[in-house]
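What follows is a set of notes on a single structure, which appears directly below.
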Amino acid sequence: MASFKITGGRKLQGELVPQGAKNEALQILCAVLLTKEPVTIHNIPNIRDVNQLIDLLGDMGVWVTKLKEGSYRFVASDVNLEYLDTPAYKSKAAALRGSVMLLGPMLARYKQGRIPRPGGDKIGRRRLDTHFLGFEKLGAKFHYDGDFYRVEGEALKGAYMLLDEASVTGTANVLMAAVMAEGTTTIYNAACEPYLQQLSKMLNRMGAKIAGVGSNLLTIEGVSELQGTEHTMLPDMIEIGSFIGLAAMTQSEITIKNCQIPELGIIPDVFKRLGIQMEFRGDDIHIPSQELYEVETFLDGGMMTVADSPWPGFTPDLLSIVLVTAIQASGTVLIHQKMFESRLFFVDKLIEMGAQIILCDPHRATVVGLGRHQQLRGIRMSSPDIRAGVSLLIAALSASGTSIIDNIEQIDRGYQHIDTRLNAIGAEITRL
């Protein structure tokens, strides 16, 4: 198990280029199974979760060719379905949360699919009902034999469905199954995050017929087969938000390059509500060094609340970053994490570092900003999940003294060479 040793209190200065979007990559990579023709994908992040999925596709018989850093060609002309019953597949797929999105493409093209219970972050209950109820609406049969979730469907047919929740991975999975189902499929309460929009645009270039892209109502006319394509992924909006919070907490001057700002939705606005200054320079975001940043209040003077909600609302993946950024703000913020019941369970480490946070319940925390009146202090801690891990890293970089973060494999799952990139602009992070 690796660790980071962080010397805090250093102001950073320079440029950061965000990696390709992790959550988009997991969907896009699974979609290569929908065609026997070559699919070329650019801006793939070099992170643990994505690399594990690429390796898994290779083990399944997909020809994988690395063209250059971040660019790969995939040819799924001869997928080995027998591999899906092996202990090796069970072990590798179980270690990766994104493996669940292999089911939709396999069901569409091979009329069957199976995955073990997937792993990933320990951030609370992450049920898969949306996925399997959607497959059943298309005519597939589902069963769980204790080892694998299995879906089978010889003749998928389009159907009307109302998803029980606007699940991003659930929408992606059902969408990929529906593109080759006979007839018309209507998906209401579909997730409409940029990841889904990117997937839909890619599938349409492959010959799918998806209407309503970017809305919560998708209409899909089934086709018999799909062709190859070329796709470039968006920059990771979660990493962009993380860098904004990092700049504010450490009083650093940072320019985030090539952000594709129109795709960020309200993310910059939420950080502005914390009082963080930023300048849009073309497609770059410049955050000047700030001594103080003051949290806005509501018009009646009430305490500011930041809550997650389905897109175009604020993404839950950035609530941990907003929480840690609020520690040195002037003012008070209520963080309301609606989706996951364990994602705030890292605040005890922040409190130990000197933060003033009240954990109201598993979903809500009140942060009383320190306003720079005192600095956080370095401690030893462990990363429980990807986003909490980076939040702890931001806290450590702003703290006095030395911090140790254990279990940084969680951070590596979602952030590409984060230590090397931050060290290049003035951080002092040692990988142990």
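Residues are named by chain letter and number: chains run A, B, ... in the order of the structure tokens, numbers start at 1 in each chain, and ligands are numbered from 1 in the order shown.
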Report task. Find the spatial neighbours of segment 384-388 of chain A, counting only C-alpha atoms, within a cut-off of 8 Å - ignore same-chain residues fewer than 4 positions away - and output them as a ChimeraX atom specification. Result -> /A:121-123,317-318,320-321,343,346,392,407,410-414
Using only C-alpha atoms, tabulate the residues of segment 358-418 of chain A lying at most 8 Å from any atom of segment 225-247 of chain A, each with its closest atom pair and that distance in Å to one decimal, by chain and increasing residue number, as JSON lines.
{"residue": "A:Val390", "atom": "CA", "partner": "A:Ser242", "partner_atom": "CA", "distance": 7.7}
{"residue": "A:Ser391", "atom": "CA", "partner": "A:Ser242", "partner_atom": "CA", "distance": 7.9}
{"residue": "A:Ile394", "atom": "CA", "partner": "A:Leu246", "partner_atom": "CA", "distance": 5.6}
{"residue": "A:Tyr415", "atom": "CA", "partner": "A:Glu239", "partner_atom": "CA", "distance": 7.4}
Keeping only N, CA and C atoms, write those residues as a short mmCIF file (atom, residue, chain, number, x, y, z; two decimals), in the first residue's frame.
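The resulting file, again_6.cif, is reproduced below:
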data_model
loop_
_atom_site.label_atom_id
_atom_site.label_comp_id
_atom_site.auth_asym_id
_atom_site.auth_seq_id
_atom_site.Cartn_x
_atom_site.Cartn_y
_atom_site.Cartn_z
N VAL A 390 -8.59 13.08 -2.61
CA VAL A 390 -8.06 14.33 -3.15
C VAL A 390 -8.42 15.50 -2.24
N SER A 391 -9.58 15.45 -1.60
CA SER A 391 -9.93 16.49 -0.63
C SER A 391 -8.93 16.51 0.52
N ILE A 394 -5.75 18.11 -0.73
CA ILE A 394 -5.86 19.58 -0.76
C ILE A 394 -5.69 20.15 0.64
N TYR A 415 -7.11 10.09 -10.52
CA TYR A 415 -6.31 11.28 -10.84
C TYR A 415 -4.96 10.84 -11.39
#
Requested in this report: Could you give me, as a ChimeraX atom specification, the residues within 8 Å of segment 129-146 of chain A, counting only C-alpha atoms and dropping anything in the same chain fewer than 6 positions from it?
Outcome: /A:104,152-161,163-165,167,169-171,173-174,177-178,181
Print the selection's residues with N, CA, C and O atoms to a file, as a PDB file, in the first residue's frame.
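Generated output (again_20.pdb):
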ATOM      1  N   GLY A 104     -24.561  -3.888 -20.999  1.00  0.00           N
ATOM      2  CA  GLY A 104     -25.398  -3.375 -22.080  1.00  0.00           C
ATOM      3  C   GLY A 104     -24.868  -3.715 -23.459  1.00  0.00           C
ATOM      4  O   GLY A 104     -25.598  -4.275 -24.297  1.00  0.00           O
ATOM      5  N   GLU A 152     -29.744 -12.220 -20.220  1.00  0.00           N
ATOM      6  CA  GLU A 152     -29.859 -12.945 -21.491  1.00  0.00           C
ATOM      7  C   GLU A 152     -31.076 -12.435 -22.228  1.00  0.00           C
ATOM      8  O   GLU A 152     -32.126 -12.184 -21.615  1.00  0.00           O
ATOM      9  N   GLY A 153     -30.955 -12.260 -23.523  1.00  0.00           N
ATOM     10  CA  GLY A 153     -32.079 -11.783 -24.319  1.00  0.00           C
ATOM     11  C   GLY A 153     -31.852 -12.026 -25.790  1.00  0.00           C
ATOM     12  O   GLY A 153     -31.070 -11.323 -26.425  1.00  0.00           O
ATOM     13  N   GLU A 154     -32.515 -13.029 -26.336  1.00  0.00           N
ATOM     14  CA  GLU A 154     -32.299 -13.399 -27.743  1.00  0.00           C
ATOM     15  C   GLU A 154     -32.852 -12.362 -28.706  1.00  0.00           C
ATOM     16  O   GLU A 154     -32.299 -12.142 -29.777  1.00  0.00           O
ATOM     17  N   ALA A 155     -33.944 -11.727 -28.351  1.00  0.00           N
ATOM     18  CA  ALA A 155     -34.571 -10.774 -29.279  1.00  0.00           C
ATOM     19  C   ALA A 155     -35.051  -9.550 -28.497  1.00  0.00           C
ATOM     20  O   ALA A 155     -36.212  -9.474 -28.092  1.00  0.00           O
ATOM     21  N   LEU A 156     -34.132  -8.612 -28.277  1.00  0.00           N
ATOM     22  CA  LEU A 156     -34.498  -7.403 -27.552  1.00  0.00           C
ATOM     23  C   LEU A 156     -35.457  -6.561 -28.384  1.00  0.00           C
ATOM     24  O   LEU A 156     -35.297  -6.432 -29.599  1.00  0.00           O
ATOM     25  N   LYS A 157     -36.456  -6.005 -27.711  1.00  0.00           N
ATOM     26  CA  LYS A 157     -37.430  -5.168 -28.402  1.00  0.00           C
ATOM     27  C   LYS A 157     -37.547  -3.829 -27.673  1.00  0.00           C
ATOM     28  O   LYS A 157     -37.527  -3.768 -26.447  1.00  0.00           O
ATOM     29  N   GLY A 158     -37.679  -2.776 -28.465  1.00  0.00           N
ATOM     30  CA  GLY A 158     -37.811  -1.441 -27.899  1.00  0.00           C
ATOM     31  C   GLY A 158     -39.007  -1.344 -26.977  1.00  0.00           C
ATOM     32  O   GLY A 158     -40.011  -2.038 -27.149  1.00  0.00           O
ATOM     33  N   ALA A 159     -38.913  -0.459 -25.982  1.00  0.00           N
ATOM     34  CA  ALA A 159     -39.987  -0.340 -24.999  1.00  0.00           C
ATOM     35  C   ALA A 159     -39.961   1.064 -24.395  1.00  0.00           C
ATOM     36  O   ALA A 159     -38.954   1.771 -24.474  1.00  0.00           O
ATOM     37  N   TYR A 160     -41.058   1.445 -23.787  1.00  0.00           N
ATOM     38  CA  TYR A 160     -41.119   2.670 -22.986  1.00  0.00           C
ATOM     39  C   TYR A 160     -40.669   2.331 -21.575  1.00  0.00           C
ATOM     40  O   TYR A 160     -41.079   1.315 -21.010  1.00  0.00           O
ATOM     41  N   MET A 161     -39.831   3.167 -21.016  1.00  0.00           N
ATOM     42  CA  MET A 161     -39.443   2.939 -19.618  1.00  0.00           C
ATOM     43  C   MET A 161     -39.220   4.262 -18.908  1.00  0.00           C
ATOM     44  O   MET A 161     -38.778   5.245 -19.505  1.00  0.00           O
ATOM     45  N   LEU A 163     -37.027   5.369 -15.840  1.00  0.00           N
ATOM     46  CA  LEU A 163     -35.993   4.911 -14.922  1.00  0.00           C
ATOM     47  C   LEU A 163     -36.343   5.304 -13.495  1.00  0.00           C
ATOM     48  O   LEU A 163     -36.814   6.412 -13.234  1.00  0.00           O
ATOM     49  N   ASP A 164     -36.100   4.387 -12.562  1.00  0.00           N
ATOM     50  CA  ASP A 164     -36.464   4.671 -11.166  1.00  0.00           C
ATOM     51  C   ASP A 164     -35.563   5.723 -10.544  1.00  0.00           C
ATOM     52  O   ASP A 164     -35.908   6.319  -9.519  1.00  0.00           O
ATOM     53  N   GLU A 165     -34.384   5.969 -11.125  1.00  0.00           N
ATOM     54  CA  GLU A 165     -33.538   7.089 -10.728  1.00  0.00           C
ATOM     55  C   GLU A 165     -32.712   7.497 -11.941  1.00  0.00           C
ATOM     56  O   GLU A 165     -32.464   6.689 -12.840  1.00  0.00           O
ATOM     57  N   SER A 167     -29.846   7.552 -12.983  1.00  0.00           N
ATOM     58  CA  SER A 167     -28.512   6.973 -12.807  1.00  0.00           C
ATOM     59  C   SER A 167     -27.682   7.173 -14.075  1.00  0.00           C
ATOM     60  O   SER A 167     -28.133   6.833 -15.180  1.00  0.00           O
ATOM     61  N   THR A 169     -24.664   5.659 -14.857  1.00  0.00           N
ATOM     62  CA  THR A 169     -24.236   4.373 -15.403  1.00  0.00           C
ATOM     63  C   THR A 169     -25.435   3.540 -15.843  1.00  0.00           C
ATOM     64  O   THR A 169     -25.358   2.808 -16.831  1.00  0.00           O
ATOM     65  N   GLY A 170     -26.558   3.648 -15.111  1.00  0.00           N
ATOM     66  CA  GLY A 170     -27.760   2.921 -15.509  1.00  0.00           C
ATOM     67  C   GLY A 170     -28.278   3.382 -16.857  1.00  0.00           C
ATOM     68  O   GLY A 170     -28.637   2.571 -17.717  1.00  0.00           O
ATOM     69  N   THR A 171     -28.327   4.701 -17.064  1.00  0.00           N
ATOM     70  CA  THR A 171     -28.766   5.230 -18.358  1.00  0.00           C
ATOM     71  C   THR A 171     -27.833   4.769 -19.467  1.00  0.00           C
ATOM     72  O   THR A 171     -28.275   4.339 -20.537  1.00  0.00           O
ATOM     73  N   ASN A 173     -25.885   2.141 -19.611  1.00  0.00           N
ATOM     74  CA  ASN A 173     -25.990   0.707 -19.836  1.00  0.00           C
ATOM     75  C   ASN A 173     -27.242   0.362 -20.656  1.00  0.00           C
ATOM     76  O   ASN A 173     -27.183  -0.391 -21.636  1.00  0.00           O
ATOM     77  N   VAL A 174     -28.377   0.923 -20.243  1.00  0.00           N
ATOM     78  CA  VAL A 174     -29.633   0.640 -20.947  1.00  0.00           C
ATOM     79  C   VAL A 174     -29.592   1.229 -22.363  1.00  0.00           C
ATOM     80  O   VAL A 174     -30.069   0.616 -23.324  1.00  0.00           O
ATOM     81  N   ALA A 177     -27.683  -1.022 -24.659  1.00  0.00           N
ATOM     82  CA  ALA A 177     -28.453  -2.212 -25.015  1.00  0.00           C
ATOM     83  C   ALA A 177     -29.545  -1.876 -26.020  1.00  0.00           C
ATOM     84  O   ALA A 177     -29.839  -2.654 -26.939  1.00  0.00           O
ATOM     85  N   ALA A 178     -30.136  -0.673 -25.882  1.00  0.00           N
ATOM     86  CA  ALA A 178     -31.295  -0.310 -26.698  1.00  0.00           C
ATOM     87  C   ALA A 178     -30.945   0.053 -28.140  1.00  0.00           C
ATOM     88  O   ALA A 178     -31.799  -0.042 -29.021  1.00  0.00           O
ATOM     89  N   ALA A 181     -31.742  -2.839 -30.247  1.00  0.00           N
ATOM     90  CA  ALA A 181     -33.019  -3.536 -30.019  1.00  0.00           C
ATOM     91  C   ALA A 181     -33.982  -3.213 -31.156  1.00  0.00           C
ATOM     92  O   ALA A 181     -33.952  -2.121 -31.725  1.00  0.00           O
TER      93      ALA A 181
END
Query raised in the report: Can you list, as a list in words, every protein, DNA or RNA residue that comes within 9 Å of Ser77 of chain A when you count only C-alpha atoms, leaving out same-chain residues fewer than 3 positions away?
Result: Leu33, Thr35, Lys36, Glu37, Pro38, Gly61, Val62 and Trp63 of chain A
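The two atoms in question, atom CA of Tyr72 of chain A and atom CA of Pro18 of chain A, are spaced 18.6 Å apart.
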Query raised in the report: Which residue, A:Leu393, A:Glu69, A:Gly222, A:Leu96, has the smallest gap to Arg48 of chain A when you use only C-alpha atoms?
Result: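 Nearest to Arg48 of chain A: A:Leu96.
Using only C-alpha atoms, the residues found no farther than 8 Å from segment 369-373 of chain A, other than those of its own chain fewer than 4 positions away, are Glu291, Leu292, Tyr293, Glu294, Ala326, Ile327, Gln328, Ala329, Ser330, Gly331, Thr332, Val333, Ala355 and Gln356 of chain A.
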Requested in this report: Mind checking which residues fall within 12 Å of segment 82-85 of chain A, counting only C-alpha atoms, ignoring those fewer than 5 positions away in the same chain, and posting them as a list in words?
Outcome: Leu56, Leu57, Gly58, Asp59, Met60, Gly61, Val62, Lys90, Ser91, Lys92, Ala93, Ala94, Ser99, Leu102, Leu103, Met106, Gln112, Gly113, Arg114, Ile115, Pro116, Asp147, Phe148, Tyr149 and Arg150 of chain A
Could those selected residues go to a file with N, CA, C and O atoms, as a tab-separated table (two decimals), in the first residue's frame?
chain	number	residue	atom	x	y	z
A	56	LEU	N	-8.91	-5.44	-19.07
A	56	LEU	CA	-10.01	-6.41	-19.06
A	56	LEU	C	-10.55	-6.61	-20.48
A	56	LEU	O	-10.82	-7.75	-20.89
A	57	LEU	N	-10.70	-5.53	-21.24
A	57	LEU	CA	-11.14	-5.66	-22.63
A	57	LEU	C	-10.16	-6.51	-23.43
A	57	LEU	O	-10.56	-7.37	-24.23
A	58	GLY	N	-8.86	-6.29	-23.20
A	58	GLY	CA	-7.85	-7.10	-23.89
A	58	GLY	C	-7.97	-8.57	-23.54
A	58	GLY	O	-7.89	-9.45	-24.41
A	59	ASP	N	-8.20	-8.87	-22.26
A	59	ASP	CA	-8.37	-10.26	-21.83
A	59	ASP	C	-9.62	-10.89	-22.45
A	59	ASP	O	-9.66	-12.11	-22.66
A	60	MET	N	-10.61	-10.07	-22.76
A	60	MET	CA	-11.84	-10.58	-23.36
A	60	MET	C	-11.68	-10.87	-24.86
A	60	MET	O	-12.59	-11.39	-25.49
A	61	GLY	N	-10.54	-10.49	-25.42
A	61	GLY	CA	-10.29	-10.76	-26.84
A	61	GLY	C	-10.33	-9.53	-27.73
A	61	GLY	O	-10.20	-9.66	-28.95
A	62	VAL	N	-10.51	-8.35	-27.13
A	62	VAL	CA	-10.49	-7.12	-27.92
A	62	VAL	C	-9.03	-6.80	-28.27
A	62	VAL	O	-8.16	-6.81	-27.40
A	90	LYS	N	-13.78	-13.06	-13.24
A	90	LYS	CA	-14.51	-12.73	-12.01
A	90	LYS	C	-13.69	-11.83	-11.12
A	90	LYS	O	-14.17	-10.83	-10.57
A	91	SER	N	-12.40	-12.13	-10.99
A	91	SER	CA	-11.54	-11.36	-10.11
A	91	SER	C	-11.32	-9.94	-10.65
A	91	SER	O	-11.44	-8.95	-9.90
A	92	LYS	N	-11.03	-9.82	-11.94
A	92	LYS	CA	-10.72	-8.51	-12.52
A	92	LYS	C	-11.96	-7.62	-12.60
A	92	LYS	O	-11.90	-6.43	-12.30
A	93	ALA	N	-13.08	-8.18	-13.02
A	93	ALA	CA	-14.30	-7.38	-13.17
A	93	ALA	C	-14.84	-6.95	-11.82
A	93	ALA	O	-15.40	-5.85	-11.68
A	94	ALA	N	-14.68	-7.80	-10.79
A	94	ALA	CA	-15.18	-7.46	-9.47
A	94	ALA	C	-14.42	-6.29	-8.85
A	94	ALA	O	-14.95	-5.58	-8.00
A	99	SER	N	-17.11	-1.96	-14.55
A	99	SER	CA	-17.34	-3.18	-15.32
A	99	SER	C	-18.81	-3.46	-15.54
A	99	SER	O	-19.19	-4.18	-16.45
A	102	LEU	N	-20.27	-3.12	-19.03
A	102	LEU	CA	-20.02	-4.11	-20.08
A	102	LEU	C	-21.30	-4.85	-20.45
A	102	LEU	O	-21.43	-5.39	-21.55
A	103	LEU	N	-22.27	-4.86	-19.52
A	103	LEU	CA	-23.47	-5.67	-19.72
A	103	LEU	C	-24.30	-5.21	-20.90
A	103	LEU	O	-24.75	-6.02	-21.71
A	106	MET	N	-22.70	-6.08	-24.32
A	106	MET	CA	-22.69	-7.53	-24.54
A	106	MET	C	-24.09	-8.06	-24.80
A	106	MET	O	-24.29	-8.93	-25.66
A	112	GLN	N	-26.18	-11.85	-24.48
A	112	GLN	CA	-25.93	-12.31	-23.12
A	112	GLN	C	-24.79	-11.49	-22.52
A	112	GLN	O	-23.98	-10.91	-23.23
A	113	GLY	N	-24.77	-11.43	-21.19
A	113	GLY	CA	-23.68	-10.77	-20.51
A	113	GLY	C	-23.68	-11.16	-19.06
A	113	GLY	O	-24.71	-11.57	-18.51
A	114	ARG	N	-22.52	-11.07	-18.44
A	114	ARG	CA	-22.44	-11.39	-17.02
A	114	ARG	C	-21.29	-10.62	-16.38
A	114	ARG	O	-20.27	-10.38	-17.00
A	115	ILE	N	-21.52	-10.21	-15.16
A	115	ILE	CA	-20.46	-9.58	-14.37
A	115	ILE	C	-20.59	-10.05	-12.93
A	115	ILE	O	-21.69	-10.33	-12.45
A	116	PRO	N	-19.48	-10.13	-12.20
A	116	PRO	CA	-19.57	-10.36	-10.76
A	116	PRO	C	-20.02	-9.06	-10.08
A	116	PRO	O	-20.07	-8.01	-10.71
A	147	ASP	N	-22.58	-15.93	-7.90
A	147	ASP	CA	-21.27	-15.53	-8.41
A	147	ASP	C	-21.37	-14.38	-9.41
A	147	ASP	O	-20.56	-13.46	-9.41
A	148	PHE	N	-22.37	-14.47	-10.29
A	148	PHE	CA	-22.49	-13.50	-11.37
A	148	PHE	C	-23.90	-12.94	-11.47
A	148	PHE	O	-24.89	-13.65	-11.21
A	149	TYR	N	-24.00	-11.68	-11.84
A	149	TYR	CA	-25.24	-11.12	-12.36
A	149	TYR	C	-25.27	-11.49	-13.84
A	149	TYR	O	-24.33	-11.19	-14.59
A	150	ARG	N	-26.35	-12.12	-14.29
A	150	ARG	CA	-26.43	-12.56	-15.68
A	150	ARG	C	-27.66	-11.97	-16.35
A	150	ARG	O	-28.73	-11.89	-15.75
Report task. Pick out each residue of segment 91-268 of chain A that DSSP on the backbone tags as alpha helix (DSSP H); I need them as a ChimeraX atom specification. Result -> /A:91-94,103-110,129-137,168-178,194-205,237-249,267-268
Query raised in the report: Which one of A:Gly426, A:Gly389, A:Gly8, A:Pro194 sits closest to Ile254 of chain A if you count only C-alpha atoms?
Result: A:Gly426
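Atom CA of Ile267 of chain A is positioned 16.9 Å from atom CA of Gly282 of chain A.
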Requested in this report: Could you give me, as a ChimeraX atom specification, the residues within 8 Å of Ile358 of chain A, counting only C-alpha atoms and dropping anything in the same chain fewer than 4 positions from it?
Outcome: /A:365-367
